[in-house]
$ cat start-v3.csv   # CSV, C-alpha atoms
chain,number,residue,atom,x,y,z
A,1,MET,CA,7.7,105.4,14.0
A,2,ALA,CA,5.5,103.3,11.8
A,3,LEU,CA,5.9,103.7,8.1
A,4,SER,CA,3.1,104.7,5.8
A,5,GLN,CA,1.8,102.4,3.0
A,6,ASN,CA,3.7,104.4,0.4
A,7,GLU,CA,6.9,104.2,2.4
A,8,VAL,CA,6.6,100.5,2.8
A,9,LEU,CA,5.8,100.1,-0.9
A,10,ALA,CA,8.9,102.1,-1.8
A,11,GLY,CA,11.1,100.0,0.5
A,12,LEU,CA,9.6,96.8,-0.8
A,13,ALA,CA,10.1,97.8,-4.4
A,14,GLU,CA,13.8,98.3,-3.7
A,15,ILE,CA,14.0,94.8,-2.2
A,16,VAL,CA,12.2,93.3,-5.2
A,17,ASN,CA,14.5,95.3,-7.6
A,18,GLU,CA,17.6,94.0,-5.8
A,19,GLU,CA,16.5,90.4,-5.9
A,20,THR,CA,15.0,90.2,-9.4
A,21,GLY,CA,16.2,93.3,-11.3
A,22,ILE,CA,12.5,94.4,-11.8
A,23,ALA,CA,12.3,98.2,-12.1
A,24,THR,CA,11.0,99.8,-8.8
A,25,GLU,CA,8.2,101.6,-10.8
A,26,ALA,CA,6.8,98.3,-11.9
A,27,VAL,CA,6.3,97.1,-8.3
A,28,GLN,CA,2.7,98.4,-7.8
A,29,LEU,CA,0.1,97.5,-5.2
A,30,GLU,CA,-2.2,95.6,-7.6
A,31,LYS,CA,0.6,93.6,-9.2
A,32,SER,CA,0.7,89.9,-8.5
A,33,PHE,CA,4.1,88.6,-7.5
A,34,THR,CA,3.8,85.5,-9.6
A,35,ASP,CA,1.5,86.3,-12.5
A,36,ASP,CA,2.6,89.9,-13.2
A,37,LEU,CA,6.1,90.1,-11.9
A,38,ASP,CA,7.1,86.5,-12.6
A,39,ILE,CA,8.7,86.1,-9.2
A,40,ASP,CA,9.2,82.4,-8.2
A,41,SER,CA,8.7,81.0,-4.8
A,42,ILE,CA,12.4,80.9,-3.9
A,43,SER,CA,12.9,84.6,-4.8
A,44,MET,CA,9.7,85.4,-2.9
A,45,MET,CA,11.2,83.8,0.2
A,46,THR,CA,14.3,85.9,-0.2
A,47,ILE,CA,12.2,89.0,-0.6
A,48,VAL,CA,10.3,88.1,2.6
A,49,VAL,CA,13.4,87.6,4.6
A,50,ASN,CA,14.9,90.9,3.4
A,51,ALA,CA,11.5,92.6,4.2
A,52,GLU,CA,11.6,91.2,7.7
A,53,ASP,CA,15.0,92.7,8.2
A,54,LYS,CA,14.2,96.1,6.6
A,55,PHE,CA,10.9,96.7,8.3
A,56,GLY,CA,11.6,94.9,11.6
A,57,VAL,CA,8.5,92.6,11.3
A,58,LYS,CA,8.0,88.8,11.3
A,59,ILE,CA,6.3,87.2,8.3
A,60,PRO,CA,5.5,83.6,9.2
A,61,ASP,CA,6.3,81.0,6.5
A,62,GLU,CA,2.6,79.9,6.4
A,63,GLU,CA,1.6,83.5,5.7
A,64,VAL,CA,3.8,83.9,2.6
A,65,LYS,CA,1.4,81.9,0.4
A,66,ASN,CA,-1.4,84.5,1.2
A,67,LEU,CA,0.7,87.4,-0.1
A,68,ILE,CA,-0.5,87.2,-3.6
A,69,THR,CA,-0.1,90.9,-4.6
A,70,VAL,CA,2.3,93.5,-3.7
A,71,GLY,CA,-0.5,95.2,-1.9
A,72,ASP,CA,-1.1,92.1,0.3
A,73,ALA,CA,2.5,92.3,1.4
A,74,VAL,CA,2.5,96.0,2.0
A,75,ASN,CA,-0.7,95.8,4.0
A,76,PHE,CA,0.7,92.9,6.1
A,77,ILE,CA,3.9,94.8,6.8
A,78,VAL,CA,2.0,98.0,7.7
A,79,ALA,CA,-0.2,96.1,10.1
A,80,ALA,CA,2.6,94.1,11.6
A,81,GLN,CA,4.8,97.2,12.5
B,1,MET,CA,48.1,47.1,48.7
B,2,SER,CA,47.8,50.2,46.6
B,3,GLN,CA,45.3,50.5,43.8
B,4,PRO,CA,46.9,50.3,40.4
B,5,THR,CA,46.7,53.3,38.1
B,6,LEU,CA,44.5,52.9,35.1
B,7,ASN,CA,45.8,53.2,31.6
B,8,GLN,CA,44.0,55.8,29.5
B,9,TYR,CA,44.3,56.7,25.8
B,10,GLU,CA,47.3,59.0,25.0
B,11,THR,CA,45.9,62.0,23.2
B,12,VAL,CA,47.0,63.4,19.9
B,13,LYS,CA,47.2,67.1,19.5
B,14,TYR,CA,45.9,67.5,15.9
B,15,SER,CA,44.1,65.7,13.2
B,16,ARG,CA,43.6,66.2,9.5
B,17,ILE,CA,41.8,64.7,6.4
B,18,TYR,CA,44.4,62.6,4.6
B,19,SER,CA,42.4,61.8,1.5
B,20,LEU,CA,39.1,61.7,-0.2
B,21,GLY,CA,37.4,59.1,-2.5
B,22,ALA,CA,34.3,59.4,-4.6
B,23,ALA,CA,31.8,57.2,-6.4
B,24,LEU,CA,28.7,58.3,-8.4
B,25,GLY,CA,25.6,56.6,-9.7
B,26,ASP,CA,26.2,55.0,-13.1
B,27,LEU,CA,23.3,56.7,-14.9
B,28,THR,CA,23.2,60.3,-16.0
B,29,VAL,CA,19.6,61.5,-15.6
B,30,THR,CA,18.5,64.7,-17.5
B,31,ASN,CA,15.8,67.1,-16.5
B,32,ASP,CA,13.8,66.0,-19.5
B,33,ASP,CA,14.0,62.4,-18.2
B,34,ILE,CA,12.1,63.3,-15.1
B,35,ALA,CA,10.0,66.4,-16.0
B,36,GLY,CA,6.9,64.5,-17.3
B,37,PRO,CA,5.5,63.2,-14.0
B,38,ILE,CA,5.9,66.5,-12.3
B,39,ASP,CA,4.4,68.4,-15.2
B,40,SER,CA,7.6,70.5,-15.5
B,41,SER,CA,10.4,71.3,-17.9
B,42,ASP,CA,14.2,71.4,-18.2
B,43,GLU,CA,14.0,75.2,-18.0
B,44,TRP,CA,11.9,75.2,-14.8
B,45,ILE,CA,14.1,72.7,-13.1
B,46,ARG,CA,17.3,74.5,-14.1
B,47,GLN,CA,16.0,77.9,-12.9
B,48,ARG,CA,14.8,76.6,-9.6
B,49,THR,CA,17.6,74.2,-8.7
B,50,GLY,CA,20.6,74.8,-11.0
B,51,ILE,CA,20.6,71.1,-11.9
B,52,ILE,CA,21.3,70.1,-15.5
B,53,THR,CA,21.8,66.4,-14.8
B,54,ARG,CA,21.9,64.2,-11.8
B,55,ARG,CA,23.7,60.9,-11.3
B,56,ARG,CA,21.6,57.9,-10.2
B,57,ALA,CA,22.5,54.3,-9.6
B,58,SER,CA,21.0,51.5,-11.7
B,59,LYS,CA,19.2,48.6,-9.9
B,60,ASP,CA,22.4,46.5,-9.8
B,61,LEU,CA,24.6,49.3,-8.2
B,62,SER,CA,23.9,49.4,-4.5
B,63,LEU,CA,24.7,52.0,-1.9
B,64,MET,CA,27.3,49.5,-0.5
B,65,ASP,CA,29.0,49.2,-3.9
B,66,MET,CA,29.4,53.0,-4.1
B,67,ALA,CA,30.6,53.2,-0.5
B,68,VAL,CA,33.2,50.5,-1.0
B,69,SER,CA,34.5,52.1,-4.2
B,70,ALA,CA,34.8,55.6,-2.6
B,71,SER,CA,36.4,54.1,0.5
B,72,ASN,CA,39.0,52.1,-1.5
B,73,GLU,CA,40.0,55.2,-3.3
B,74,ALA,CA,40.4,57.2,-0.1
B,75,ILE,CA,42.4,54.3,1.6
B,76,ALA,CA,44.7,54.0,-1.4
B,77,LYS,CA,45.3,57.8,-1.6
B,78,ALA,CA,46.0,58.0,2.2
B,79,GLY,CA,48.7,55.3,1.7
B,80,ILE,CA,47.5,53.3,4.7
B,81,ASP,CA,46.6,49.7,5.1
B,82,PRO,CA,42.9,49.1,5.8
B,83,SER,CA,43.8,47.1,8.9
B,84,GLU,CA,45.1,50.4,10.4
B,85,ILE,CA,41.6,51.9,10.4
B,86,GLY,CA,40.4,52.2,14.0
B,87,ALA,CA,36.8,53.2,13.3
B,88,VAL,CA,34.3,53.3,10.4
B,89,ILE,CA,31.6,55.9,10.4
B,90,PHE,CA,28.9,55.7,7.7
B,91,SER,CA,26.5,58.6,7.3
B,92,THR,CA,23.4,57.6,5.4
B,93,ILE,CA,19.7,57.8,5.3
B,94,THR,CA,19.2,55.2,2.6
B,95,HIS,CA,20.7,52.0,4.0
B,96,PRO,CA,17.8,49.7,3.4
B,97,HIS,CA,18.1,47.8,6.7
B,98,GLN,CA,17.0,49.2,10.1
B,99,THR,CA,19.8,46.9,11.5
B,100,PRO,CA,22.5,45.8,11.2
B,101,SER,CA,24.5,48.9,10.3
B,102,ALA,CA,25.9,49.7,6.8
B,103,ALA,CA,29.2,50.6,8.5
B,104,ALA,CA,29.8,47.0,9.8
B,105,LEU,CA,29.4,45.5,6.4
B,106,LEU,CA,31.5,48.3,4.8
B,107,ALA,CA,34.3,47.7,7.3
B,108,ASP,CA,34.4,44.0,6.5
B,109,LYS,CA,34.3,44.6,2.7
B,110,ILE,CA,37.2,47.0,2.7
B,111,GLY,CA,39.4,44.9,5.0
B,112,ALA,CA,38.9,47.0,8.2
B,113,ASN,CA,37.3,44.1,10.1
B,114,PRO,CA,37.2,44.2,13.3
B,115,ALA,CA,37.2,48.0,13.5
B,116,PRO,CA,34.3,49.5,15.4
B,117,ALA,CA,31.7,50.6,12.9
B,118,PHE,CA,28.5,52.6,13.2
B,119,ASP,CA,26.0,54.6,11.1
B,120,ILE,CA,25.0,58.2,11.6
B,121,SER,CA,21.6,59.4,10.8
B,122,ALA,CA,22.0,63.2,10.3
B,123,ALA,CA,20.9,63.3,6.6
B,124,CYS,CA,22.6,66.1,4.7
B,125,ALA,CA,24.7,67.1,7.7
B,126,GLY,CA,25.9,63.6,8.2
B,127,TYR,CA,29.3,63.8,6.6
B,128,CYS,CA,30.2,66.9,8.7
B,129,TYR,CA,28.9,65.1,11.8
B,130,GLY,CA,31.2,62.2,10.8
B,131,ILE,CA,34.2,64.4,10.4
B,132,ALA,CA,33.5,65.9,13.9
B,133,GLN,CA,33.4,62.3,15.3
B,134,ALA,CA,36.5,61.2,13.5
B,135,ASP,CA,38.4,64.3,14.7
B,136,ALA,CA,37.4,63.5,18.3
B,137,LEU,CA,38.3,59.8,18.0
B,138,VAL,CA,41.7,60.5,16.5
B,139,ARG,CA,42.7,63.3,18.9
B,140,SER,CA,41.5,61.4,21.9
B,141,GLY,CA,43.7,58.5,20.8
B,142,VAL,CA,40.9,56.1,20.4
B,143,ALA,CA,41.6,55.4,16.8
B,144,LYS,CA,44.7,56.2,14.7
B,145,TYR,CA,42.7,56.4,11.4
B,146,VAL,CA,39.0,56.8,10.9
B,147,LEU,CA,37.1,56.2,7.7
B,148,VAL,CA,34.2,58.6,7.3
B,149,VAL,CA,31.7,57.9,4.5
B,150,GLY,CA,28.7,59.9,3.4
B,151,GLY,CA,26.7,57.8,0.9
B,152,GLU,CA,23.2,57.6,-0.4
B,153,LYS,CA,21.1,55.8,-2.9
B,154,LEU,CA,18.3,58.3,-2.7
B,155,SER,CA,16.7,57.1,-5.9
B,156,ASP,CA,15.3,54.2,-3.9
B,157,PHE,CA,13.3,56.7,-1.8
B,158,ILE,CA,11.8,59.1,-4.4
B,159,ASP,CA,8.4,59.6,-5.8
B,160,PRO,CA,8.5,60.6,-9.5
B,161,THR,CA,5.4,62.7,-9.0
B,162,ASP,CA,6.7,64.7,-6.0
B,163,ARG,CA,7.4,68.3,-6.8
B,164,THR,CA,9.1,69.1,-3.5
B,165,ILE,CA,12.4,67.3,-3.5
B,166,SER,CA,12.5,64.0,-5.5
B,167,PHE,CA,13.6,65.7,-8.8
B,168,LEU,CA,16.7,67.2,-7.1
B,169,LEU,CA,18.0,63.9,-5.8
B,170,GLY,CA,21.0,61.8,-7.0
B,171,ASP,CA,23.1,58.8,-5.8
B,172,GLY,CA,26.7,58.6,-4.8
B,173,ALA,CA,29.2,58.2,-2.0
B,174,GLY,CA,32.1,60.2,-0.7
B,175,ALA,CA,34.8,58.9,1.7
B,176,ALA,CA,37.5,60.5,3.8
B,177,ILE,CA,40.4,59.1,5.9
B,178,VAL,CA,41.0,61.2,9.0
B,179,GLY,CA,44.2,60.6,11.0
B,180,PRO,CA,46.8,62.3,13.2
B,181,SER,CA,48.6,65.4,12.1
B,182,ASP,CA,51.6,67.6,13.2
B,183,THR,CA,49.6,70.7,12.4
B,184,PRO,CA,45.9,71.6,12.9
B,185,GLY,CA,43.8,70.2,10.0
B,186,ILE,CA,40.2,70.2,11.3
B,187,SER,CA,38.8,73.2,13.2
B,188,PRO,CA,36.3,72.9,16.1
B,189,THR,CA,32.9,71.9,14.6
B,190,VAL,CA,29.9,74.1,14.9
B,191,TRP,CA,27.0,71.6,14.9
B,192,GLY,CA,23.5,71.2,16.3
B,193,SER,CA,19.9,70.4,15.6
B,194,ASP,CA,16.5,72.0,15.7
B,195,GLY,CA,13.8,69.3,16.2
B,196,SER,CA,11.1,72.0,16.2
B,197,HIS,CA,11.2,71.6,12.4
B,198,TRP,CA,11.4,67.8,12.5
B,199,ASP,CA,8.7,67.6,9.9
B,200,ALA,CA,10.2,70.1,7.4
B,201,VAL,CA,12.1,67.5,5.5
B,202,GLY,CA,12.0,63.7,5.7
B,203,MET,CA,10.1,60.6,4.8
B,204,SER,CA,6.4,60.8,3.8
B,205,ALA,CA,5.5,58.0,6.2
B,206,SER,CA,6.9,55.6,8.8
B,207,LEU,CA,7.6,51.9,8.3
B,208,LEU,CA,4.8,51.2,10.8
B,209,GLU,CA,2.3,53.0,8.6
B,210,LEU,CA,3.6,51.0,5.6
B,211,ARG,CA,3.1,47.8,7.6
B,212,ASP,CA,-0.4,48.7,8.6
B,213,GLY,CA,-1.4,49.6,5.0
B,214,THR,CA,-2.1,53.2,5.8
B,215,ALA,CA,0.7,54.5,3.7
B,216,GLN,CA,2.6,53.7,0.5
B,217,TRP,CA,6.3,53.1,0.3
B,218,PRO,CA,7.8,56.1,2.2
B,219,THR,CA,9.6,58.6,0.0
B,220,LEU,CA,11.4,61.9,0.7
B,221,ARG,CA,9.4,65.1,1.0
B,222,GLN,CA,10.1,68.7,2.1
B,223,GLU,CA,8.5,72.0,2.9
B,224,GLY,CA,10.8,73.7,0.4
B,225,LEU,CA,10.4,77.3,1.4
B,226,THR,CA,10.8,76.7,5.2
B,227,VAL,CA,13.9,74.6,4.4
B,228,PHE,CA,15.2,77.3,2.0
B,229,LYS,CA,14.8,80.0,4.6
B,230,TRP,CA,16.6,78.0,7.3
B,231,ALA,CA,19.3,76.8,5.0
B,232,VAL,CA,20.3,80.3,4.0
B,233,TRP,CA,19.7,82.6,6.9
B,234,GLU,CA,20.4,80.2,9.8
B,235,MET,CA,23.3,78.6,8.0
B,236,VAL,CA,24.9,82.0,7.3
B,237,LYS,CA,25.1,82.4,11.1
B,238,VAL,CA,26.6,78.8,11.5
B,239,ALA,CA,29.1,79.5,8.7
B,240,ARG,CA,30.3,82.8,10.3
B,241,GLN,CA,30.5,81.0,13.7
B,242,ALA,CA,32.6,78.2,12.1
B,243,LEU,CA,35.0,80.7,10.7
B,244,GLU,CA,35.2,82.5,14.0
B,245,VAL,CA,36.0,79.4,16.1
B,246,ALA,CA,38.5,78.3,13.5
B,247,GLY,CA,40.3,81.6,13.9
B,248,VAL,CA,40.1,82.5,10.2
B,249,THR,CA,38.2,84.8,7.9
B,250,ALA,CA,36.5,84.2,4.6
B,251,ASP,CA,39.5,85.8,3.0
B,252,ASP,CA,41.7,83.0,4.2
B,253,LEU,CA,39.7,80.3,2.4
B,254,SER,CA,40.4,78.6,-0.8
B,255,ALA,CA,36.9,77.1,-1.1
B,256,ILE,CA,33.4,77.0,0.5
B,257,VAL,CA,31.8,73.6,0.1
B,258,THR,CA,28.2,73.6,1.3
B,259,HIS,CA,25.8,70.7,1.1
B,260,GLN,CA,24.7,70.7,-2.5
B,261,ALA,CA,21.0,71.2,-1.8
B,262,ASN,CA,20.0,73.6,-4.5
B,263,ILE,CA,22.0,76.1,-6.4
B,264,ARG,CA,19.7,78.9,-5.2
B,265,ILE,CA,20.6,78.1,-1.6
B,266,ILE,CA,24.3,77.9,-2.5
B,267,ASP,CA,24.2,81.2,-4.3
B,268,GLU,CA,22.2,83.0,-1.7
B,269,LEU,CA,24.4,81.6,1.1
B,270,ALA,CA,27.5,82.8,-0.8
B,271,LYS,CA,25.9,86.2,-1.3
B,272,GLN,CA,24.9,86.6,2.4
B,273,LEU,CA,28.5,85.6,3.4
B,274,ALA,CA,30.0,88.1,1.0
B,275,VAL,CA,32.4,85.5,-0.2
B,276,PRO,CA,35.5,87.1,-1.6
B,277,GLU,CA,36.1,86.5,-5.4
B,278,HIS,CA,39.1,84.3,-5.0
B,279,VAL,CA,37.2,81.8,-2.9
B,280,VAL,CA,35.8,78.9,-5.0
B,281,VAL,CA,32.2,78.1,-4.2
B,282,ALA,CA,31.4,74.4,-4.9
B,283,ARG,CA,28.6,74.0,-7.4
B,284,ASP,CA,28.8,70.2,-7.9
B,285,ILE,CA,25.0,70.0,-7.8
B,286,VAL,CA,24.8,71.1,-11.5
B,287,TYR,CA,25.9,67.6,-12.7
B,288,THR,CA,25.4,65.4,-9.7
B,289,GLY,CA,22.2,66.6,-8.1
B,290,ASN,CA,21.5,66.6,-4.4
B,291,THR,CA,23.2,63.5,-2.9
B,292,SER,CA,22.4,64.3,0.8
B,293,ALA,CA,25.3,63.0,3.1
B,294,ALA,CA,27.5,62.4,0.0
B,295,SER,CA,27.3,65.9,-1.4
B,296,VAL,CA,30.1,67.6,0.6
B,297,PRO,CA,32.8,65.0,0.1
B,298,LEU,CA,31.8,64.6,-3.6
B,299,ALA,CA,31.9,68.3,-4.2
B,300,MET,CA,35.3,68.7,-2.4
B,301,HIS,CA,36.7,65.7,-4.3
B,302,ALA,CA,35.5,67.2,-7.6
B,303,LEU,CA,37.2,70.6,-6.8
B,304,LEU,CA,40.5,68.8,-6.0
B,305,GLU,CA,40.4,66.5,-9.1
B,306,SER,CA,39.7,69.4,-11.4
B,307,GLY,CA,42.5,71.5,-9.9
B,308,GLU,CA,40.2,74.3,-9.0
B,309,VAL,CA,41.6,74.1,-5.5
B,310,LYS,CA,44.9,72.9,-4.2
B,311,SER,CA,45.9,70.5,-1.4
B,312,GLY,CA,46.9,72.5,1.7
B,313,GLY,CA,44.3,75.3,1.2
B,314,LEU,CA,41.5,75.9,3.7
B,315,ALA,CA,37.9,75.0,3.0
B,316,LEU,CA,34.8,75.8,5.0
B,317,GLN,CA,32.5,72.8,4.7
B,318,ILE,CA,28.9,72.9,5.9
B,319,GLY,CA,26.1,70.3,5.9
B,320,PHE,CA,22.5,71.0,6.7
B,321,GLY,CA,19.3,69.1,6.4
B,322,ALA,CA,16.7,66.8,7.9
B,323,GLY,CA,16.4,66.9,11.6
B,324,LEU,CA,16.9,69.7,11.2
B,325,ALA,CA,20.6,69.1,11.7
B,326,PHE,CA,23.6,71.1,10.8
B,327,GLY,CA,27.4,70.8,11.1
B,328,ALA,CA,30.3,73.0,9.8
B,329,GLN,CA,34.0,73.0,10.2
B,330,VAL,CA,37.1,74.5,8.4
B,331,VAL,CA,39.4,71.8,7.1
B,332,VAL,CA,42.8,71.8,5.4
B,333,LEU,CA,42.2,70.3,1.9
B,334,PRO,CA,43.8,66.9,1.6
$ encode --input "start-v3.csv" --output "structure tokens"
Amino acid sequence: MALSQNEVLAGLAEIVNEETGIATEAVQLEKSFTDDLDIDSISMMTIVVNAEDKFGVKIPDEEVKNLITVGDAVNFIVAAQ
Amino acid sequence: MSQPTLNQYETVKYSRIYSLGAALGDLTVTNDDIAGPIDSSDEWIRQRTGIITRRRASKDLSLMDMAVSASNEAIAKAGIDPSEIGAVIFSTITHPHQTPSAAALLADKIGANPAPAFDISAACAGYCYGIAQADALVRSGVAKYVLVVGGEKLSDFIDPTDRTISFLLGDGAGAAIVGPSDTPGISPTVWGSDGSHWDAVGMSASLLELRDGTAQWPTLRQEGLTVFKWAVWEMVKVARQALEVAGVTADDLSAIVTHQANIRIIDELAKQLAVPEHVVVARDIVYTGNTSAASVPLAMHALLESGEVKSGGLALQIGFGAGLAFGAQVVVLP
């Protein structure tokens, strides 16, 4: 069954926390991965691969640069399920 | 009249690495030395690559000089005469001549003339490709001893303003002597290529484009994130497969020596593999940089010289890079 936006956000926050140590509460839809959460491109790729595993979706490499905010990533995953 | 029976090579059951040799560029290059043209900083480079310094060769120190030096050390440590070397395999992407090979000149310079000699172009996987070839040549009886060299002078092919790979790169050469053994010393190799990502890492232009004036001097470039993703998650599978075909587990290892591409790749690979605490993970990149085909033998040589690992232990070595190409095997440390 497809997960809701909130469920994907919660799952993604756990992945971000595991990779970077950032508190899950800080991972909010409007936050920018680079500007607000200070996540570099290599950590972002690790998060993407873990998200692919966790949510059973495929996030193409060329799509990653378009995932500016947490909300962008959540919406992409919700749509790709 | 009956037809005579042909002679064929007498096979040898096992092979092993007898010894290693190493040579590094003569210059120590700090992050501050190279940060300016890429508008970066020591902190940024350390955080993204783990590199504190890299070793590069001055204009007067050639790729061949470093290869000869590393080879002579390996030959001396193996206790063999260079005339006993039955093949010379040189893995490099920075030999400045399309032809003739670097290996033929190397063979002559170290006293192995007239041994068969050839180059391998498998970039950062090149040394592991060379060990696979050497293992096959020794066990098939074609050669008693094989010299395998991974060597690069990458600083001849960098663009100081390139933010994708140039700042990672260093110069050096690593050499190994492979020969016959009473016990198994080199596991089956898991190797392959994926040309669907042919453009992910390599030169910025061809020599024909340079000739035609449509490109500048070709230098190395990469699509860093694509390579990172492949180098970690695909190479984890290759590493697991290499352990499986070797008939060992990660617990049995003394060390894991990956291509020293980037500390973030090495750390993530070790994490994904759930490497046990007692297994030493080579992080030679911190002070040598990424030396492509040379990085695996240089890193293994450094671990042995520092006493972090002991001769006789098992090491998983895995090379991966442009092609894309990869190769991995478990070896008994010389």
$ interface_residues --input "start-v3.csv" --of "chain B" --to "chain A" --cutoff "7 Å" --atoms "only C-alpha atoms" --output "list in words"
Leu225, Thr226 and Lys229 of chain B
$ atom_distance --input "start-v3.csv" --atom1 "CA of Glu73 in chain B" --atom2 "CA of Ala246 in chain B"
28.6 Å
$ residues_around --input "start-v3.csv" --residues "Glu10 in chain B" --least-positions-apart "2" --cutoff "10 Å" --atoms "all atoms listed in the file" --output "count of residues only"
8
$ atom_distance --input "start-v3.csv" --atom1 "CA of Thr183 in chain B" --atom2 "CA of Val332 in chain B"
9.8 Å
$ residues_around --input "start-v3.csv" --residues "Gly71 in chain A" --least-positions-apart "5" --cutoff "8 Å" --atoms "all atoms listed in the file" --output "list in words"
Gln28, Leu29, Glu30 and Lys31 of chain A
$ residues_near_point --input "start-v3.csv" --point "(10.9, 88.0, 12.1)" --cutoff "12 Å" --atoms "only C-alpha atoms" --output "VMD selection string"
(chain A and resid 48 to 61 77 80 to 81) or (chain B and resid 229 233)
$ closest_residue --input "start-v3.csv" --among "A:Ile22, A:Ile39, A:Val27, A:Leu3" --to "Val70 in chain A" --atoms "only C-alpha atoms"
A:Val27
$ closest_residue --input "start-v3.csv" --among "B:Asp26, B:Asp33, B:Asp252, B:Asp162" --to "Leu220 in chain B" --atoms "all atoms listed in the file"
B:Asp162
$ atom_distance --input "start-v3.csv" --atom1 "CA of Gly202 in chain B" --atom2 "CA of Leu147 in chain B"
26.3 Å
$ build_atoms --input "start-v3.csv" --residues "range 20-36 of chain A" --atoms "N, CA and C atoms" --output "compact mmCIF listing (two decimals), in the frame of the given file"
# COMPACT_ATOMS: atom_id res chain seq x y z
N THR A 20 15.46 90.71 -8.06
CA THR A 20 15.00 90.20 -9.40
C THR A 20 15.45 91.14 -10.54
N GLY A 21 15.84 92.39 -10.24
CA GLY A 21 16.20 93.30 -11.30
C GLY A 21 14.94 94.03 -11.88
N ILE A 22 13.76 93.72 -11.36
CA ILE A 22 12.50 94.40 -11.80
C ILE A 22 12.57 95.86 -11.40
N ALA A 23 12.23 96.77 -12.35
CA ALA A 23 12.30 98.20 -12.10
C ALA A 23 11.34 98.53 -10.89
N THR A 24 11.77 99.43 -10.03
CA THR A 24 11.00 99.80 -8.80
C THR A 24 9.59 100.30 -9.21
N GLU A 25 9.52 101.03 -10.35
CA GLU A 25 8.20 101.60 -10.80
C GLU A 25 7.21 100.52 -11.10
N ALA A 26 7.73 99.35 -11.49
CA ALA A 26 6.80 98.30 -11.90
C ALA A 26 6.20 97.56 -10.69
N VAL A 27 6.77 97.81 -9.51
CA VAL A 27 6.30 97.10 -8.30
C VAL A 27 5.13 98.00 -7.73
N GLN A 28 3.91 97.67 -8.15
CA GLN A 28 2.70 98.40 -7.80
C GLN A 28 1.77 97.58 -6.95
N LEU A 29 0.95 98.25 -6.16
CA LEU A 29 0.10 97.50 -5.20
C LEU A 29 -0.74 96.40 -5.80
N GLU A 30 -1.27 96.64 -7.00
CA GLU A 30 -2.20 95.60 -7.60
C GLU A 30 -1.49 94.51 -8.29
N LYS A 31 -0.17 94.62 -8.42
CA LYS A 31 0.60 93.60 -9.20
C LYS A 31 0.68 92.28 -8.40
N SER A 32 0.48 91.18 -9.12
CA SER A 32 0.70 89.90 -8.50
C SER A 32 2.15 89.49 -8.60
N PHE A 33 2.68 88.97 -7.50
CA PHE A 33 4.10 88.60 -7.50
C PHE A 33 4.40 87.54 -8.58
N THR A 34 3.55 86.54 -8.66
CA THR A 34 3.80 85.50 -9.60
C THR A 34 3.33 85.79 -11.02
N ASP A 35 2.06 86.17 -11.15
CA ASP A 35 1.50 86.30 -12.50
C ASP A 35 1.99 87.57 -13.22
N ASP A 36 2.13 88.70 -12.52
CA ASP A 36 2.60 89.90 -13.20
C ASP A 36 4.07 90.15 -13.15
